[in-house]
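Shown next: structure-v2.cif, given as mmCIF, C-alpha atoms, pLDDT in the B column; chains and numbers go by the auth columns.
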```cif
data_target
#
loop_
_atom_site.group_PDB
_atom_site.id
_atom_site.type_symbol
_atom_site.label_atom_id
_atom_site.label_comp_id
_atom_site.label_asym_id
_atom_site.label_seq_id
_atom_site.Cartn_x
_atom_site.Cartn_y
_atom_site.Cartn_z
_atom_site.B_iso_or_equiv
_atom_site.auth_seq_id
_atom_site.auth_asym_id
ATOM 1 C CA MET A 1 -3.118 -27.786 15.086 88.00 1432 A
ATOM 2 C CA GLU A 2 -2.363 -30.181 12.243 94.00 1433 A
ATOM 3 C CA ILE A 3 -1.399 -29.201 8.688 94.00 1434 A
ATOM 4 C CA ALA A 4 -4.944 -30.029 7.508 95.00 1435 A
ATOM 5 C CA ASP A 5 -6.439 -27.601 10.078 97.00 1436 A
ATOM 6 C CA TRP A 6 -4.122 -24.787 9.002 97.00 1437 A
ATOM 7 C CA ARG A 7 -5.003 -25.467 5.368 97.00 1438 A
ATOM 8 C CA LYS A 8 -8.679 -25.185 6.163 98.00 1439 A
ATOM 9 C CA LYS A 9 -7.972 -21.804 7.749 98.00 1440 A
ATOM 10 C CA ILE A 10 -5.920 -20.784 4.703 98.00 1441 A
ATOM 11 C CA ASP A 11 -8.788 -21.745 2.379 98.00 1442 A
ATOM 12 C CA GLU A 12 -11.128 -19.529 4.427 98.00 1443 A
ATOM 13 C CA MET A 13 -8.645 -16.658 4.305 98.00 1444 A
ATOM 14 C CA ASP A 14 -8.297 -17.128 0.530 98.00 1445 A
ATOM 15 C CA GLU A 15 -12.044 -16.642 0.190 98.00 1446 A
ATOM 16 C CA GLU A 16 -11.750 -13.271 1.914 98.00 1447 A
ATOM 17 C CA ILE A 17 -8.587 -12.333 0.000 98.00 1448 A
ATOM 18 C CA VAL A 18 -10.222 -13.155 -3.356 98.00 1449 A
ATOM 19 C CA GLN A 19 -13.256 -11.048 -2.411 98.00 1450 A
ATOM 20 C CA LEU A 20 -11.097 -8.084 -1.459 98.00 1451 A
ATOM 21 C CA ILE A 21 -8.796 -8.294 -4.471 98.00 1452 A
ATOM 22 C CA SER A 22 -11.893 -8.466 -6.679 98.00 1453 A
ATOM 23 C CA LYS A 23 -13.412 -5.398 -5.014 98.00 1454 A
ATOM 24 C CA ARG A 24 -10.089 -3.636 -5.424 98.00 1455 A
ATOM 25 C CA ALA A 25 -10.173 -4.587 -9.112 98.00 1456 A
ATOM 26 C CA GLU A 26 -13.689 -3.123 -9.456 97.00 1457 A
ATOM 27 C CA ALA A 27 -12.389 0.147 -7.993 97.00 1458 A
ATOM 28 C CA ALA A 28 -9.378 0.100 -10.337 96.00 1459 A
ATOM 29 C CA LYS A 29 -11.759 -0.470 -13.247 95.00 1460 A
ATOM 30 C CA ALA A 30 -13.854 2.543 -12.165 96.00 1461 A
ATOM 31 C CA ILE A 31 -10.677 4.634 -11.996 95.00 1462 A
ATOM 32 C CA GLY A 32 -9.716 3.362 -15.462 93.00 1463 A
ATOM 33 C CA GLU A 33 -13.025 4.621 -16.837 93.00 1464 A
ATOM 34 C CA LEU A 34 -12.551 8.023 -15.195 94.00 1465 A
ATOM 35 C CA LYS A 35 -9.015 8.177 -16.601 91.00 1466 A
ATOM 36 C CA GLN A 36 -10.321 7.556 -20.108 89.00 1467 A
ATOM 37 C CA LYS A 37 -12.816 10.385 -19.790 90.00 1468 A
ATOM 38 C CA SER A 38 -10.150 12.763 -18.548 89.00 1469 A
ATOM 39 C CA THR A 39 -7.326 11.449 -20.802 83.00 1470 A
ATOM 40 C CA LEU A 40 -5.173 10.670 -17.761 86.00 1471 A
ATOM 41 C CA PRO A 41 -2.576 7.936 -18.382 88.00 1472 A
ATOM 42 C CA VAL A 42 -3.210 4.358 -17.157 86.00 1473 A
ATOM 43 C CA TYR A 43 0.363 4.147 -15.880 88.00 1474 A
ATOM 44 C CA GLU A 44 0.924 6.528 -12.992 89.00 1475 A
ATOM 45 C CA PRO A 45 4.219 5.654 -11.308 92.00 1476 A
ATOM 46 C CA ALA A 46 3.758 8.184 -8.490 95.00 1477 A
ATOM 47 C CA ARG A 47 0.493 6.550 -7.424 95.00 1478 A
ATOM 48 C CA GLU A 48 2.062 3.089 -7.623 95.00 1479 A
ATOM 49 C CA THR A 49 4.923 4.216 -5.366 97.00 1480 A
ATOM 50 C CA GLU A 50 2.313 5.606 -2.959 97.00 1481 A
ATOM 51 C CA VAL A 51 0.568 2.200 -2.829 98.00 1482 A
ATOM 52 C CA PHE A 52 3.871 0.386 -2.162 98.00 1483 A
ATOM 53 C CA GLU A 53 4.829 2.868 0.574 98.00 1484 A
ATOM 54 C CA HIS A 54 1.385 2.480 2.134 98.00 1485 A
ATOM 55 C CA VAL A 55 1.489 -1.308 2.297 98.00 1486 A
ATOM 56 C CA LYS A 56 5.029 -1.231 3.707 98.00 1487 A
ATOM 57 C CA SER A 57 3.925 1.224 6.390 98.00 1488 A
ATOM 58 C CA ILE A 58 1.164 -1.124 7.596 98.00 1489 A
ATOM 59 C CA ASN A 59 3.073 -4.423 7.231 98.00 1490 A
ATOM 60 C CA PRO A 60 2.643 -6.357 10.515 98.00 1491 A
ATOM 61 C CA GLY A 61 4.963 -9.214 9.390 97.00 1492 A
ATOM 62 C CA PRO A 62 5.919 -12.040 9.128 97.00 1493 A
ATOM 63 C CA LEU A 63 6.518 -11.193 5.457 97.00 1494 A
ATOM 64 C CA SER A 64 9.349 -8.773 4.805 97.00 1495 A
ATOM 65 C CA ASP A 65 8.469 -5.424 3.217 98.00 1496 A
ATOM 66 C CA GLU A 66 10.133 -6.694 0.045 98.00 1497 A
ATOM 67 C CA GLN A 67 7.991 -9.854 -0.043 98.00 1498 A
ATOM 68 C CA LEU A 68 4.810 -7.880 0.544 98.00 1499 A
ATOM 69 C CA VAL A 69 5.736 -5.395 -2.178 98.00 1500 A
ATOM 70 C CA ASP A 70 6.480 -8.356 -4.496 98.00 1501 A
ATOM 71 C CA VAL A 71 2.871 -9.478 -4.049 98.00 1502 A
ATOM 72 C CA TYR A 72 1.637 -5.931 -4.614 98.00 1503 A
ATOM 73 C CA ILE A 73 3.705 -5.483 -7.782 98.00 1504 A
ATOM 74 C CA ARG A 74 1.678 -8.401 -9.206 98.00 1505 A
ATOM 75 C CA ILE A 75 -1.620 -7.020 -7.885 98.00 1506 A
ATOM 76 C CA ILE A 76 -0.911 -3.622 -9.480 97.00 1507 A
ATOM 77 C CA ASP A 77 0.173 -5.344 -12.713 96.00 1508 A
ATOM 78 C CA VAL A 78 -3.099 -7.199 -13.170 96.00 1509 A
ATOM 79 C CA MET A 79 -5.129 -4.105 -12.243 95.00 1510 A
ATOM 80 C CA ARG A 80 -3.275 -2.073 -14.864 93.00 1511 A
ATOM 81 C CA MET A 81 -4.039 -4.793 -17.444 92.00 1512 A
ATOM 82 C CA LEU A 82 -7.696 -4.527 -16.460 89.00 1513 A
ATOM 83 C CA GLN A 83 -7.684 -0.751 -17.023 87.00 1514 A
ATOM 84 C CA ARG A 84 -6.055 -1.267 -20.411 82.00 1515 A
ATOM 85 C CA ARG A 85 -8.491 -3.996 -21.491 63.00 1516 A
ATOM 86 C CA ASP A 86 -11.378 -1.559 -21.198 50.00 1517 A
ATOM 87 C CA SER A 87 -9.714 1.195 -23.203 44.00 1518 A
ATOM 88 C CA MET B 1 -17.119 9.307 -7.399 89.00 730 B
ATOM 89 C CA GLU B 2 -13.836 10.982 -8.287 94.00 731 B
ATOM 90 C CA ILE B 3 -10.479 9.211 -8.712 94.00 732 B
ATOM 91 C CA ALA B 4 -9.396 10.494 -5.264 95.00 733 B
ATOM 92 C CA ASP B 5 -12.470 8.899 -3.633 97.00 734 B
ATOM 93 C CA TRP B 6 -11.800 5.551 -5.295 97.00 735 B
ATOM 94 C CA ARG B 7 -8.184 5.734 -4.197 97.00 736 B
ATOM 95 C CA LYS B 8 -9.229 6.318 -0.614 98.00 737 B
ATOM 96 C CA LYS B 9 -11.383 3.181 -0.867 98.00 738 B
ATOM 97 C CA ILE B 10 -8.477 1.264 -2.394 98.00 739 B
ATOM 98 C CA ASP B 11 -6.187 2.345 0.469 98.00 740 B
ATOM 99 C CA GLU B 12 -8.754 1.023 2.952 98.00 741 B
ATOM 100 C CA MET B 13 -9.032 -2.269 1.052 98.00 742 B
ATOM 101 C CA ASP B 14 -5.234 -2.544 0.980 98.00 743 B
ATOM 102 C CA GLU B 15 -5.220 -2.344 4.775 98.00 744 B
ATOM 103 C CA GLU B 16 -7.539 -5.356 4.918 98.00 745 B
ATOM 104 C CA ILE B 17 -5.644 -7.207 2.171 98.00 746 B
ATOM 105 C CA VAL B 18 -2.309 -6.697 3.952 98.00 747 B
ATOM 106 C CA GLN B 19 -3.827 -7.974 7.218 98.00 748 B
ATOM 107 C CA LEU B 20 -5.192 -11.086 5.526 98.00 749 B
ATOM 108 C CA ILE B 21 -2.056 -11.860 3.529 98.00 750 B
ATOM 109 C CA SER B 22 -0.050 -11.491 6.744 98.00 751 B
ATOM 110 C CA LYS B 23 -2.377 -13.854 8.616 98.00 752 B
ATOM 111 C CA ARG B 24 -2.094 -16.288 5.711 98.00 753 B
ATOM 112 C CA ALA B 25 1.692 -16.009 5.978 98.00 754 B
ATOM 113 C CA GLU B 26 1.524 -16.796 9.721 97.00 755 B
ATOM 114 C CA ALA B 27 -0.460 -19.941 8.883 97.00 756 B
ATOM 115 C CA ALA B 28 2.030 -20.893 6.150 96.00 757 B
ATOM 116 C CA LYS B 29 4.844 -20.407 8.670 95.00 758 B
ATOM 117 C CA ALA B 30 3.080 -22.717 11.138 96.00 759 B
ATOM 118 C CA ILE B 31 2.706 -25.319 8.385 95.00 760 B
ATOM 119 C CA GLY B 32 6.398 -24.887 7.556 93.00 761 B
ATOM 120 C CA GLU B 33 7.291 -25.714 11.158 93.00 762 B
ATOM 121 C CA LEU B 34 5.062 -28.806 11.123 94.00 763 B
ATOM 122 C CA LYS B 35 6.620 -29.880 7.814 91.00 764 B
ATOM 123 C CA GLN B 36 10.087 -29.654 9.331 89.00 765 B
ATOM 124 C CA LYS B 37 9.077 -31.850 12.247 90.00 766 B
ATOM 125 C CA SER B 38 7.569 -34.432 9.926 90.00 767 B
ATOM 126 C CA THR B 39 10.203 -34.094 7.160 83.00 768 B
ATOM 127 C CA LEU B 40 7.500 -33.245 4.610 86.00 769 B
ATOM 128 C CA PRO B 41 8.809 -31.211 1.641 88.00 770 B
ATOM 129 C CA VAL B 42 8.259 -27.419 1.516 86.00 771 B
ATOM 130 C CA TYR B 43 7.269 -27.671 -2.140 88.00 772 B
ATOM 131 C CA GLU B 44 4.023 -29.573 -2.571 89.00 773 B
ATOM 132 C CA PRO B 45 2.738 -29.051 -6.111 92.00 774 B
ATOM 133 C CA ALA B 46 -0.542 -30.907 -5.478 95.00 775 B
ATOM 134 C CA ARG B 47 -1.457 -28.496 -2.664 95.00 776 B
ATOM 135 C CA GLU B 48 -0.502 -25.508 -4.798 95.00 777 B
ATOM 136 C CA THR B 49 -2.751 -26.733 -7.612 97.00 778 B
ATOM 137 C CA GLU B 50 -5.538 -27.145 -5.048 97.00 779 B
ATOM 138 C CA VAL B 51 -5.110 -23.503 -3.954 98.00 780 B
ATOM 139 C CA PHE B 52 -5.211 -22.261 -7.571 98.00 781 B
ATOM 140 C CA GLU B 53 -8.305 -24.361 -8.328 98.00 782 B
ATOM 141 C CA HIS B 54 -9.978 -23.042 -5.177 98.00 783 B
ATOM 142 C CA VAL B 55 -9.395 -19.361 -5.959 98.00 784 B
ATOM 143 C CA LYS B 56 -10.575 -19.868 -9.557 98.00 785 B
ATOM 144 C CA SER B 57 -13.751 -21.566 -8.290 98.00 786 B
ATOM 145 C CA ILE B 58 -14.650 -18.531 -6.126 98.00 787 B
ATOM 146 C CA ASN B 59 -13.533 -15.794 -8.538 98.00 788 B
ATOM 147 C CA PRO B 60 -16.403 -13.260 -8.782 98.00 789 B
ATOM 148 C CA GLY B 61 -14.597 -11.144 -11.450 97.00 790 B
ATOM 149 C CA PRO B 62 -13.752 -8.659 -12.875 97.00 791 B
ATOM 150 C CA LEU B 63 -10.294 -10.243 -12.954 97.00 792 B
ATOM 151 C CA SER B 64 -9.933 -13.235 -15.236 97.00 793 B
ATOM 152 C CA ASP B 65 -9.074 -16.574 -13.615 98.00 794 B
ATOM 153 C CA GLU B 66 -5.627 -16.236 -15.167 98.00 795 B
ATOM 154 C CA GLN B 67 -5.065 -12.796 -13.631 97.00 796 B
ATOM 155 C CA LEU B 68 -6.217 -13.988 -10.214 98.00 797 B
ATOM 156 C CA VAL B 69 -3.968 -17.043 -10.419 98.00 798 B
ATOM 157 C CA ASP B 70 -1.084 -14.742 -11.445 98.00 799 B
ATOM 158 C CA VAL B 71 -1.532 -12.884 -8.154 98.00 800 B
ATOM 159 C CA TYR B 72 -1.737 -16.172 -6.260 98.00 801 B
ATOM 160 C CA ILE B 73 1.408 -17.555 -7.894 98.00 802 B
ATOM 161 C CA ARG B 74 3.229 -14.613 -6.304 98.00 803 B
ATOM 162 C CA ILE B 75 1.486 -15.086 -2.956 98.00 804 B
ATOM 163 C CA ILE B 76 2.429 -18.781 -2.890 97.00 805 B
ATOM 164 C CA ASP B 77 5.996 -17.885 -3.944 96.00 806 B
ATOM 165 C CA VAL B 78 6.604 -15.556 -1.019 96.00 807 B
ATOM 166 C CA MET B 79 4.974 -17.988 1.423 95.00 808 B
ATOM 167 C CA ARG B 80 7.259 -20.780 0.220 93.00 809 B
ATOM 168 C CA MET B 81 10.251 -18.455 0.742 92.00 810 B
ATOM 169 C CA LEU B 82 9.027 -17.855 4.273 89.00 811 B
ATOM 170 C CA GLN B 83 8.835 -21.595 4.962 87.00 812 B
ATOM 171 C CA ARG B 84 12.360 -22.040 3.600 82.00 813 B
ATOM 172 C CA ARG B 85 13.815 -19.128 5.602 62.00 814 B
ATOM 173 C CA ASP B 86 12.900 -20.881 8.836 50.00 815 B
ATOM 174 C CA SER B 87 14.398 -24.195 7.856 44.00 816 B
#
```

Translate the structure of the given file into structure tokens.
Amino acid sequence: MEIADWRKKIDEMDEEIVQLISKRAEAAKAIGELKQKSTLPVYEPARETEVFEHVKSINPGPLSDEQLVDVYIRIIDVMRMLQRRDS
Amino acid sequence: MEIADWRKKIDEMDEEIVQLISKRAEAAKAIGELKQKSTLPVYEPARETEVFEHVKSINPGPLSDEQLVDVYIRIIDVMRMLQRRDS
């Protein structure tokens, strides 16, 4: 396969990734609303650690656990911003 | 739905997201190998801009385009590291 073919595949994967990240964001938003009702804090470090441990445990490679967690730190960051924006 | 139910859903979505990001990384690695053979540079800003424009164009919300691109900046970062590691 040529670079252009791989890039076409990557574009298709990005469409799925964007869909999933957006659905994940909708779920985070729903949790944010429940947190507001129950006065739970937006920042819950124990849950964030749980998410990082989960993604590391299912990492098939080729990214290192650290690289995958780096991506997830950003994902969690923007989701937390989303929960805050609604408060 | 309770917070625990949403979190279960999020864990399931993370399993799909990790699979897709890993497949995307495999494709980036393949491109990295082709780049080495053809002496193309690892860093190609025009392609990166194309990826950012693409994900913005398919963003269904609730994340802002900026938040989604923030996630993608990190994704592209770790993929570029992966291409460099093999060189």

- Task: Would you translate the PyMOL selection byres ((chain B and resi 748) around 10) into the concrete set of residues it matches in this file, as an MDAnalysis selection string?
- Result: (chainID A and resid 1448 1486 1489:1492) or (chainID B and resid 742:747 749:754)

Just to be explicit: take each residue in the selection above, keep C-alpha atoms, and write the result as a CSV table (one decimal), in the coordinates of the input.
```
chain,number,residue,atom,x,y,z
A,1448,ILE,CA,-8.6,-12.3,0.0
A,1486,VAL,CA,1.5,-1.3,2.3
A,1489,ILE,CA,1.2,-1.1,7.6
A,1490,ASN,CA,3.1,-4.4,7.2
A,1491,PRO,CA,2.6,-6.4,10.5
A,1492,GLY,CA,5.0,-9.2,9.4
B,742,MET,CA,-9.0,-2.3,1.1
B,743,ASP,CA,-5.2,-2.5,1.0
B,744,GLU,CA,-5.2,-2.3,4.8
B,745,GLU,CA,-7.5,-5.4,4.9
B,746,ILE,CA,-5.6,-7.2,2.2
B,747,VAL,CA,-2.3,-6.7,4.0
B,749,LEU,CA,-5.2,-11.1,5.5
B,750,ILE,CA,-2.1,-11.9,3.5
B,751,SER,CA,0.0,-11.5,6.7
B,752,LYS,CA,-2.4,-13.9,8.6
B,753,ARG,CA,-2.1,-16.3,5.7
B,754,ALA,CA,1.7,-16.0,6.0
```

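The smallest atom-to-atom distance between Lys766 of chain B and any of A:Ser1495, A:Asp1508, A:Glu1481, A:Glu1433, using all atoms listed in the file, is found for A:Glu1433.
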
Could you give me, as a PDB file with C-alpha atoms, in the frame of the given file, the residues within 10 Å of Gln1467 of chain A, counting only C-alpha atoms and dropping anything in the same chain fewer than 3 positions from it?
```
ATOM      1  CA  ILE A1462     -10.677   4.634 -11.996  1.00 95.00           C
ATOM      2  CA  GLY A1463      -9.716   3.362 -15.462  1.00 93.00           C
ATOM      3  CA  GLU A1464     -13.025   4.621 -16.837  1.00 93.00           C
ATOM      4  CA  THR A1470      -7.326  11.449 -20.802  1.00 83.00           C
ATOM      5  CA  LEU A1471      -5.173  10.670 -17.761  1.00 86.00           C
ATOM      6  CA  PRO A1472      -2.576   7.936 -18.382  1.00 88.00           C
ATOM      7  CA  VAL A1473      -3.210   4.358 -17.157  1.00 86.00           C
ATOM      8  CA  GLN A1514      -7.684  -0.751 -17.023  1.00 87.00           C
ATOM      9  CA  ARG A1515      -6.055  -1.267 -20.411  1.00 82.00           C
ATOM     10  CA  ASP A1517     -11.378  -1.559 -21.198  1.00 50.00           C
ATOM     11  CA  SER A1518      -9.714   1.195 -23.203  1.00 44.00           C
TER      12      SER A1518
END
```

- Report the residues retrieved by the PyMOL selection byres ((chain A and resi 1432) around 12) from the displayed file, expressed as a PyMOL selection string. (chain A and resi 1433-1440) or (chain B and resi 756+759-760+762-763)

- Task: Measuring atom to atom with only C-alpha atoms, identify which of B:Met810, B:Glu773, B:Ile804, B:Glu782 is nearest to chain A.
- Result: B:Ile804

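As for atom CA of Ser1469 of chain A and atom CA of Val1482 of chain A, they are spaced 21.8 Å apart.
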
- Message: I'd like the neighbourhood of Ile1507 of chain A as a count of residues only, where a residue qualifies if any of its atoms comes within 10 Å (using only C-alpha atoms), though same-chain residues fewer than 6 positions away should be ignored.
- Response: 7

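The smallest atom-to-atom distance between chain B and any of A:Arg1505, A:Ser1488, A:Ala1477, A:Glu1443, using all atoms listed in the file, is found for A:Arg1505.
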
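Separating atom CA of Glu1497 of chain A from atom CA of Val807 of chain B is a distance of 9.6 Å.
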
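In this model, the gap between atom CA of Lys764 of chain B and atom CA of Leu1494 of chain A comes to 18.8 Å.
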
So for segment 752-765 of chain B, what box centre and size do we get, axis-aligned, 8 Å extra on each of the six sides, every listed atom, Å to one decimal, as AutoDock Vina command-line options?
```
--center_x 3.9 --center_y -21.9 --center_z 8.4 --size_x 28.5 --size_y 32.0 --size_z 21.4
```
